[in-house]
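Peer 1: What follows is a structure written as structure tokens; I'll ask about it next.
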Amino acid sequence: MSNGQRANLSGKRLENHIASVLDDFEYSKVLPKHFFDLKSRVGNPIYARQCYVGTSIYNRRRRVDIILHHPEKWADCLIIQCKWQSKTGSVDEKYPFEVLSIDKNSYSTIIVLDGGGYSSVSGEWLRSQAGKGNLIQVCNLGEFDRFATANL
């Protein structure tokens with residue numbers, strides 16, 4: 001297995017954990033292509049994985065890891081971006097692109113950051129962006145679980 005395949009598998013595991021938490025909180029998984037139509041018609045919490053939402057700063061279609069809708073708690077939707085990095089690399093340079101793309105769209109977003117492969121400086125910078133614009137929180141997996149208990 002190549003390093004890229006391992007990284008994708010680790011990222012998928014992080015997404016799977018987030019999805020299992022949503023399942024625990026009785027969110028129903030829906031197909032991405034039906035998410036926006038269903039959110040306006042159903043009264044129960046829903047989520048979709050790998051859903052296209054708006055555009056990036058380069059005006060390309062932007063795909064997000066998870067988007068959820070809760071009629072009372074997240075009526076305007078919440079995006080959850082999963083960023084797993086176990087080894088150092090180009091991830092540090094990707095954070096500003098992510099933050100700028102988040103702010104280009106109108107959805108509240110949290111980033112779940114895990115794996116320990118990002119530099120401490122870039123992790124600190126990314127966390128410092130929370131509360132500015134649409135990025136409301138940057139957290140690790142344990143912090144996400146606490147966020148979920150209080151907010152989902």
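Following the order of the structure tokens, chains are lettered A, B, ..., residues in each are numbered from 1, and ligands are numbered from 1.
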Would you mind listing what lies within 7 Å of stretch 102-108 of chain A as a PyMOL selection string, with only C-alpha atoms counted and same-chain residues fewer than 3 positions away left out?

Peer 2: chain A and resi 54+57+77-79+98-99+133-136

Peer 1: Give me every helix (DSSP H, G or I) residue in chain A, going by DSSP on the backbone, as a ChimeraX atom specification.

Peer 2: /A:3-24,32-39,91-104,120-128,141-151

Peer 1: Go through A:Gly142, A:Gly116, A:Pro32, A:Pro96 one by one, measure the shortest atom-to-atom distance of each to A:Ser128 using only C-alpha atoms, and give the residue with the smallest value.

Peer 2: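 Among A:Gly142, A:Gly116, A:Pro32, A:Pro96, it is A:Pro96 that comes nearest to A:Ser128.
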
Peer 1: Give me, as JSON lines, each residue of stretch 13-44 of chain A that comes within 12 Å of stretch 72-75 of chain A, together with its shortest interatomic pair and the distance in Å at one decimal, counting only C-alpha atoms, with rows ordered by chain and rising residue number.

Peer 2:
{"residue": "A:Tyr27", "atom": "CA", "partner": "A:Trp74", "partner_atom": "CA", "distance": 11.8}
{"residue": "A:Phe36", "atom": "CA", "partner": "A:Ala75", "partner_atom": "CA", "distance": 11.7}
{"residue": "A:Lys39", "atom": "CA", "partner": "A:Ala75", "partner_atom": "CA", "distance": 8.7}
{"residue": "A:Ser40", "atom": "CA", "partner": "A:Ala75", "partner_atom": "CA", "distance": 9.3}
{"residue": "A:Val42", "atom": "CA", "partner": "A:Ala75", "partner_atom": "CA", "distance": 11.6}
{"residue": "A:Gly43", "atom": "CA", "partner": "A:Glu72", "partner_atom": "CA", "distance": 9.4}
{"residue": "A:Asn44", "atom": "CA", "partner": "A:Glu72", "partner_atom": "CA", "distance": 9.4}
